[in-house]
>>> print(open('work11.cif').read())   # mmCIF, C-alpha atoms and all ligand atoms
data_model
#
loop_
_atom_site.label_atom_id
_atom_site.label_comp_id
_atom_site.auth_asym_id
_atom_site.auth_seq_id
_atom_site.Cartn_x
_atom_site.Cartn_y
_atom_site.Cartn_z
CA MET A 201 -15.50 53.05 -65.12
CA ARG A 202 -12.70 50.52 -65.00
CA ILE A 203 -11.01 48.58 -67.78
CA GLU A 204 -8.25 46.13 -66.99
CA LYS A 205 -6.13 44.09 -69.36
CA GLU A 206 -2.85 42.47 -68.35
CA ASN A 207 -0.71 45.24 -66.77
CA ILE A 208 -2.90 48.12 -68.02
CA VAL A 209 -5.72 49.70 -66.00
CA ILE A 210 -7.94 52.58 -67.15
CA ARG A 211 -10.21 53.82 -64.35
CA SER A 212 -12.22 56.88 -63.38
CA ALA A 213 -10.17 59.54 -61.62
CA ASN A 214 -11.01 60.47 -58.04
CA VAL A 215 -9.83 63.20 -55.65
CA ASP A 216 -6.98 60.96 -54.45
CA ASP A 217 -5.46 61.45 -57.94
CA ALA A 218 -5.51 65.26 -57.59
CA ILE A 219 -1.85 65.69 -56.59
CA GLN A 220 -0.61 63.66 -59.58
CA LEU A 221 -3.02 65.28 -62.07
CA ASN A 222 -2.12 68.74 -60.74
CA LYS A 223 1.60 67.98 -61.28
CA TRP A 224 1.01 66.84 -64.85
CA TRP A 225 -1.39 69.68 -65.75
CA ASN A 226 1.08 72.27 -64.45
CA ASP A 227 4.02 70.73 -66.31
CA GLY A 228 4.64 72.56 -69.60
CA LYS A 229 6.49 69.57 -71.07
CA VAL A 230 3.46 67.33 -70.52
CA MET A 231 0.92 69.95 -71.65
CA GLU A 232 2.76 71.32 -74.71
CA HIS A 233 0.97 68.92 -77.06
CA ALA A 234 -2.34 70.33 -75.78
CA GLY A 235 -1.25 73.92 -76.45
CA PHE A 236 -0.13 74.83 -72.91
CA PRO A 237 3.69 74.98 -73.03
CA LYS A 238 3.70 76.79 -69.67
CA GLY A 239 1.29 74.31 -68.04
CA LEU A 240 -2.17 75.21 -66.77
CA GLY A 241 -0.99 77.04 -63.63
CA GLN A 242 -3.81 75.41 -61.69
CA SER A 243 -4.07 75.29 -57.88
CA LEU A 244 -4.67 71.93 -56.19
CA GLU A 245 -8.15 73.13 -55.19
CA GLU A 246 -8.98 73.88 -58.85
CA THR A 247 -7.78 70.40 -59.85
CA ILE A 248 -9.96 68.83 -57.13
CA ASP A 249 -12.96 70.87 -58.37
CA GLU A 250 -12.30 69.72 -61.93
CA ILE A 251 -12.13 66.05 -60.88
CA ARG A 252 -15.41 66.47 -58.94
CA ASN A 253 -17.07 68.08 -61.99
CA TRP A 254 -16.57 64.86 -63.97
CA GLU A 255 -17.96 62.58 -61.23
CA GLY A 256 -21.33 60.86 -61.74
CA LYS A 257 -21.49 61.64 -65.47
CA LEU A 258 -21.50 59.40 -68.53
CA SER A 259 -18.45 61.36 -69.76
CA GLN A 260 -15.40 60.57 -67.64
CA LEU A 261 -11.92 61.71 -66.67
CA CYS A 262 -9.69 58.66 -66.19
CA ILE A 263 -6.27 57.64 -64.94
CA ILE A 264 -4.04 55.24 -66.89
CA GLU A 265 -2.05 52.83 -64.73
CA ILE A 266 0.66 50.48 -65.98
CA ASP A 267 2.25 47.96 -63.61
CA GLY A 268 0.31 49.66 -60.78
CA LYS A 269 1.94 53.05 -61.50
CA LEU A 270 0.04 56.20 -62.54
CA VAL A 271 1.46 57.00 -65.99
CA GLY A 272 -1.16 59.11 -67.73
CA GLU A 273 -4.70 60.30 -68.11
CA LEU A 274 -7.53 60.27 -70.61
CA SER A 275 -11.01 61.66 -70.86
CA TYR A 276 -14.05 61.24 -73.07
CA ARG A 277 -17.06 63.44 -73.65
CA ILE A 278 -20.21 61.69 -74.84
CA LYS A 279 -22.62 63.76 -76.94
CA GLY A 280 -26.32 63.02 -77.35
CA ASP A 281 -25.96 62.25 -81.08
CA GLY A 282 -23.78 59.18 -80.39
CA ALA A 283 -20.41 60.85 -81.00
CA VAL A 284 -17.62 60.58 -78.41
CA TYR A 285 -14.77 63.08 -78.15
CA PRO A 286 -11.79 61.53 -76.29
CA GLY A 287 -8.25 62.69 -75.51
CA TRP A 288 -5.31 60.88 -73.94
CA LYS A 289 -1.76 61.34 -72.88
CA ILE A 290 0.88 59.04 -71.52
CA CYS A 291 2.44 61.67 -69.22
CA ASP A 292 5.34 59.59 -67.92
CA SER A 293 7.74 59.69 -70.87
CA ALA A 294 9.34 56.39 -69.78
CA TYR A 295 6.07 54.72 -70.87
CA GLN A 296 5.89 56.43 -74.28
CA ASN A 297 7.19 54.67 -77.42
CA GLN A 298 6.68 51.28 -75.75
CA GLY A 299 3.55 50.30 -77.68
CA TYR A 300 1.17 51.10 -74.80
CA GLY A 301 -0.63 54.00 -76.54
CA PRO A 302 -2.38 51.89 -79.22
CA GLN A 303 -3.31 49.23 -76.64
CA ILE A 304 -4.86 51.88 -74.36
CA ILE A 305 -6.72 53.58 -77.23
CA LYS A 306 -8.12 50.26 -78.51
CA LEU A 307 -9.23 49.22 -75.00
CA LEU A 308 -10.99 52.58 -74.64
CA PHE A 309 -12.69 52.37 -78.06
CA GLU A 310 -13.86 48.79 -77.44
CA PHE A 311 -15.33 49.92 -74.10
CA LEU A 312 -17.06 52.98 -75.60
CA PHE A 313 -18.65 51.00 -78.44
CA THR A 314 -19.77 48.02 -76.35
CA ASP A 315 -20.36 49.09 -72.72
CA ASN A 316 -24.01 48.36 -71.86
CA ASN A 317 -24.42 51.23 -69.42
CA ILE A 318 -23.24 53.83 -71.95
CA ASN A 319 -24.89 52.32 -75.04
CA SER A 320 -28.29 51.80 -73.34
CA LYS A 321 -28.36 55.56 -72.70
CA VAL A 322 -26.57 56.83 -75.82
CA PRO A 323 -25.82 54.31 -78.61
CA ILE A 324 -22.26 55.21 -79.61
CA ASN A 325 -21.71 55.30 -83.38
CA ARG A 326 -18.44 57.20 -83.85
CA ILE A 327 -15.37 58.51 -82.06
CA ILE A 328 -13.82 61.82 -83.12
CA TRP A 329 -10.56 63.36 -81.94
CA ASP A 330 -7.72 65.57 -83.13
CA THR A 331 -4.04 66.23 -82.67
CA MET A 332 -1.66 69.04 -83.47
CA LEU A 333 -0.14 69.05 -86.96
CA GLU A 334 3.33 68.92 -85.34
CA ASN A 335 2.47 65.74 -83.43
CA LYS A 336 3.76 63.37 -86.12
CA ARG A 337 4.12 60.47 -83.70
CA ALA A 338 0.43 60.66 -82.76
CA GLN A 339 -0.62 60.86 -86.43
CA TYR A 340 1.57 57.86 -87.26
CA VAL A 341 0.01 55.86 -84.43
CA TYR A 342 -3.60 56.81 -85.33
CA GLU A 343 -3.17 56.03 -89.04
CA ASN A 344 -0.97 52.92 -88.79
CA LYS A 345 -1.86 51.32 -85.46
CA ILE A 346 -5.48 52.36 -84.84
CA GLY A 347 -6.80 52.40 -88.42
CA ALA A 348 -8.36 55.84 -87.98
CA ARG A 349 -9.48 57.97 -90.90
CA LYS A 350 -7.91 61.42 -91.29
CA ILE A 351 -10.90 63.72 -91.87
CA GLN A 352 -9.25 67.08 -92.43
CA ILE A 353 -6.38 69.36 -91.56
CA LYS A 354 -7.53 72.62 -90.04
CA GLU A 355 -4.83 75.18 -90.79
CA ASN A 356 -4.24 77.88 -88.16
CA SER A 357 -7.52 76.99 -86.47
CA TRP A 358 -6.68 77.81 -82.84
CA GLN A 359 -4.28 79.83 -80.71
CA ASP A 360 -2.09 78.22 -78.08
CA GLN A 361 -1.26 79.63 -74.64
CA LEU A 362 1.48 81.85 -76.14
CA GLY A 363 -0.86 83.25 -78.80
CA ASN A 364 0.70 81.25 -81.66
CA TRP A 365 -1.70 80.05 -84.34
CA ARG A 366 -1.70 76.25 -84.52
CA SER A 367 -3.08 73.70 -86.97
CA SER A 368 -4.87 70.49 -86.09
CA VAL A 369 -5.60 67.18 -87.77
CA ASP A 370 -9.04 65.61 -87.21
CA TYR A 371 -9.58 61.85 -86.97
CA GLU A 372 -12.68 59.67 -86.88
CA ILE A 373 -13.50 56.00 -86.50
CA ARG A 374 -17.00 54.53 -86.84
CA LYS A 375 -18.31 51.65 -84.77
CA GLY A 376 -18.44 49.22 -87.72
CA GLU A 377 -14.95 50.14 -88.92
CA PHE A 378 -13.48 49.57 -85.48
CA LEU A 379 -15.32 46.37 -84.55
CA ASN A 380 -14.82 44.76 -87.98
CA ALA A 381 -11.06 45.46 -87.89
CA ARG A 382 -10.54 43.67 -84.54
C1 LIG B 401 0.84 59.65 -78.81
C2 LIG B 401 0.88 58.43 -77.92
C3 LIG B 401 -0.53 58.08 -77.46
C4 LIG B 401 1.44 57.25 -78.75
O1 LIG B 401 1.52 56.12 -77.93
P1 LIG B 401 2.91 55.32 -77.79
O2 LIG B 401 2.67 54.18 -76.88
O3 LIG B 401 3.99 56.27 -77.40
O4 LIG B 401 3.12 54.83 -79.29
P2 LIG B 401 3.84 53.49 -79.80
O5 LIG B 401 5.01 53.18 -78.91
O6 LIG B 401 2.86 52.41 -80.02
O7 LIG B 401 4.28 53.91 -81.24
C5 LIG B 401 5.02 55.06 -81.50
C6 LIG B 401 5.38 54.99 -82.97
O8 LIG B 401 5.63 56.31 -83.41
C7 LIG B 401 6.85 56.31 -84.14
N1 LIG B 401 7.38 57.64 -83.98
C8 LIG B 401 8.05 58.17 -82.93
N2 LIG B 401 8.34 59.47 -83.18
C9 LIG B 401 7.82 59.75 -84.40
C10 LIG B 401 7.79 60.93 -85.20
N3 LIG B 401 8.34 62.07 -84.79
N4 LIG B 401 7.14 60.86 -86.40
C11 LIG B 401 6.56 59.72 -86.82
N5 LIG B 401 6.57 58.58 -86.10
C12 LIG B 401 7.20 58.60 -84.90
C13 LIG B 401 7.69 55.22 -83.51
O9 LIG B 401 8.68 54.78 -84.39
C14 LIG B 401 6.63 54.16 -83.24
O10 LIG B 401 6.34 53.41 -84.39
P3 LIG B 401 6.83 51.87 -84.56
O11 LIG B 401 6.32 51.12 -83.37
O12 LIG B 401 6.21 51.42 -85.86
O13 LIG B 401 8.33 51.95 -84.61
C15 LIG B 401 1.81 58.65 -76.67
O14 LIG B 401 3.15 58.76 -77.08
C16 LIG B 401 1.44 59.87 -75.85
O15 LIG B 401 0.51 59.84 -75.07
N6 LIG B 401 2.23 60.96 -76.02
C17 LIG B 401 2.14 62.17 -75.22
C18 LIG B 401 0.87 62.94 -75.37
C19 LIG B 401 0.26 62.96 -76.75
O16 LIG B 401 0.90 63.25 -77.73
N7 LIG B 401 -1.03 62.64 -76.79
C20 LIG B 401 -1.82 62.60 -77.99
C21 LIG B 401 -2.39 63.90 -78.25
S1 LIG B 401 -3.59 63.84 -79.56
#
>>> encode(input="work11.cif", output="structure tokens", more="lines below")
Ligand SMILES: CC(C)(COP(=O)(O)OP(=O)(O)OC[C@H]1O[C@@H](n2cnc3c(N)ncnc32)[C@H](O)[C@@H]1OP(=O)(O)O)[C@@H](O)C(=O)NCCC(=O)NCCS
Amino acid sequence: MRIEKENIVIRSANVDDAIQLNKWWNDGKVMEHAGFPKGLGQSLEETIDEIRNWEGKLSQLCIIEIDGKLVGELSYRIKGDGAVYPGWKICDSAYQNQGYGPQIIKLLFEFLFTDNNINSKVPINRIIWDTMLENKRAQYVYENKIGARKIQIKENSWQDQLGNWRSSVDYEIRKGEFLNAR
């Protein structure tokens, strides 16, 4: 897939992105928000395998480029019931807090709800994602800039890499809610 708007590009990852993805995934500062404060500790070969595992599927692993620079990644998993489970991170901190996150998320949602290839196979009706309770910036962005509905807070619902119990906040947006709010 490829989405392009002004200086933002979202495109499917390929093996040429492996070195950059491997750096990010092994960086505890980048991965903390996903529960891996020590990073994934993944070899380059494992990263290449993971990229290859996403290839040729409706669900995709993608790279985010701004001004031609690789600044982050996102992925989305499409389920047969029309729900999509995405995740995203602007990994290059110089590109955080610049207003890019909401633009990227809205471009992705518009694509998921309207792309003919995806919707002819699985009509997408809702997008569901979560964040950590501590990630107040993400919650602020989802509630105030995306118009997402907070579904529930799941207290102590999962253990991070260090064995600490963590809480998550679930969000959802339905096709009609998103398209009508544009
Ligand atoms: C979360 C993320 C997508 C947000 O995108 P972004 O481009 O940085 O967000 P924006 O610049 O549009 O907005 C950030 C807003 O959060 C606010 N903010 C910053 N820190 C905050 C905090 N601790 N609590 C509440 N709000 C905060 C800012 O003031 C700003 O709001 P404003 O524009 O009204 O002043 C992005 O920062 C990111 O990818 N972060 C790293 C990984 C991550 O957290 N991914 C999401 C996991 S679910």
>>> residues_around(input="work11.cif", residues="Gly235 in chain A", least_positions_apart="4", cutoff="9 Å", atoms="only C-alpha atoms", output="ChimeraX atom specification")
/A:231,239,332,359-362,366
>>> closest_residue(input="work11.cif", among="A:Leu240, A:Val369, A:Ile266, A:Ala348", to="Gly228 in chain A", atoms="all atoms listed in the file")
A:Leu240
>>> closest_residue(input="work11.cif", among="A:Ala294, A:Ile305, A:Ala338, A:Val209", to="ligand LIG 401 (chain B)", atoms="all atoms listed in the file")
A:Ala338
>>> atom_distance(input="work11.cif", atom1="atom C11 of ligand LIG 401 (chain B)", atom2="CA of Lys336 in chain A")
4.7 Å
>>> residues_near_ligand(input="work11.cif", ligand="ligand LIG 401 (chain B)", cutoff="9 Å", atoms="all atoms listed in the file", output="ChimeraX atom specification")
/A:230-234,272-273,287-293,295-305,329-332,334-342,344-345
>>> closest_residue(input="work11.cif", among="A:Val271, A:Leu379, A:Leu333, A:Ile351", to="Asp217 in chain A", atoms="all atoms listed in the file")
A:Val271
>>> atom_distance(input="work11.cif", atom1="CA of Ala381 in chain A", atom2="CA of Pro323 in chain A")
19.6 Å
>>> closest_residue(input="work11.cif", among="A:Leu307, A:Val322, A:Ala213, A:Ala218", to="Leu261 in chain A", atoms="only C-alpha atoms")
A:Ala213
>>> atom_distance(input="work11.cif", atom1="CA of Tyr371 in chain A", atom2="CA of Leu270 in chain A")
26.9 Å
>>> closest_residue(input="work11.cif", among="A:Arg277, A:Lys223, A:Lys321, A:Lys229", to="Ser243 in chain A", atoms="all atoms listed in the file")
A:Lys223
>>> residues_around(input="work11.cif", residues="Asn325 in chain A", least_positions_apart="5", cutoff="12 Å", atoms="only C-alpha atoms", output="list in words")
Ile278, Lys279, Gly280, Asp281, Gly282, Ala283, Val284, Tyr285, Phe309, Glu310, Leu312, Phe313, Thr314, Ile318, Asn319, Glu372, Ile373, Arg374, Lys375, Gly376, Glu377, Phe378 and Leu379 of chain A
>>> closest_residue(input="work11.cif", among="A:Gln352, A:Ser275, A:Asn207, A:Asn317", to="Ser259 in chain A", atoms="only C-alpha atoms")
A:Ser275
>>> axis_aligned_box(input="work11.cif", around="range 286-294 of chain A", padding_each_side="4 Å", output="AutoDock Vina command-line options")
--center_x -1.2 --center_y 59.5 --center_z -72.1 --size_x 29.1 --size_y 14.3 --size_z 16.4
>>> residues_around(input="work11.cif", residues="Glu245 in chain A", least_positions_apart="4", cutoff="10 Å", atoms="only C-alpha atoms", output="PDB file with C-alpha atoms, in the coordinates of the input")
ATOM      1  CA  ALA A 218      -5.510  65.260 -57.590  1.00  0.00           C
ATOM      2  CA  ILE A 219      -1.850  65.690 -56.590  1.00  0.00           C
ATOM      3  CA  ASN A 222      -2.120  68.740 -60.740  1.00  0.00           C
ATOM      4  CA  ASP A 249     -12.960  70.870 -58.370  1.00  0.00           C
ATOM      5  CA  GLU A 250     -12.300  69.720 -61.930  1.00  0.00           C
ATOM      6  CA  ILE A 251     -12.130  66.050 -60.880  1.00  0.00           C
TER       7      ILE A 251
END
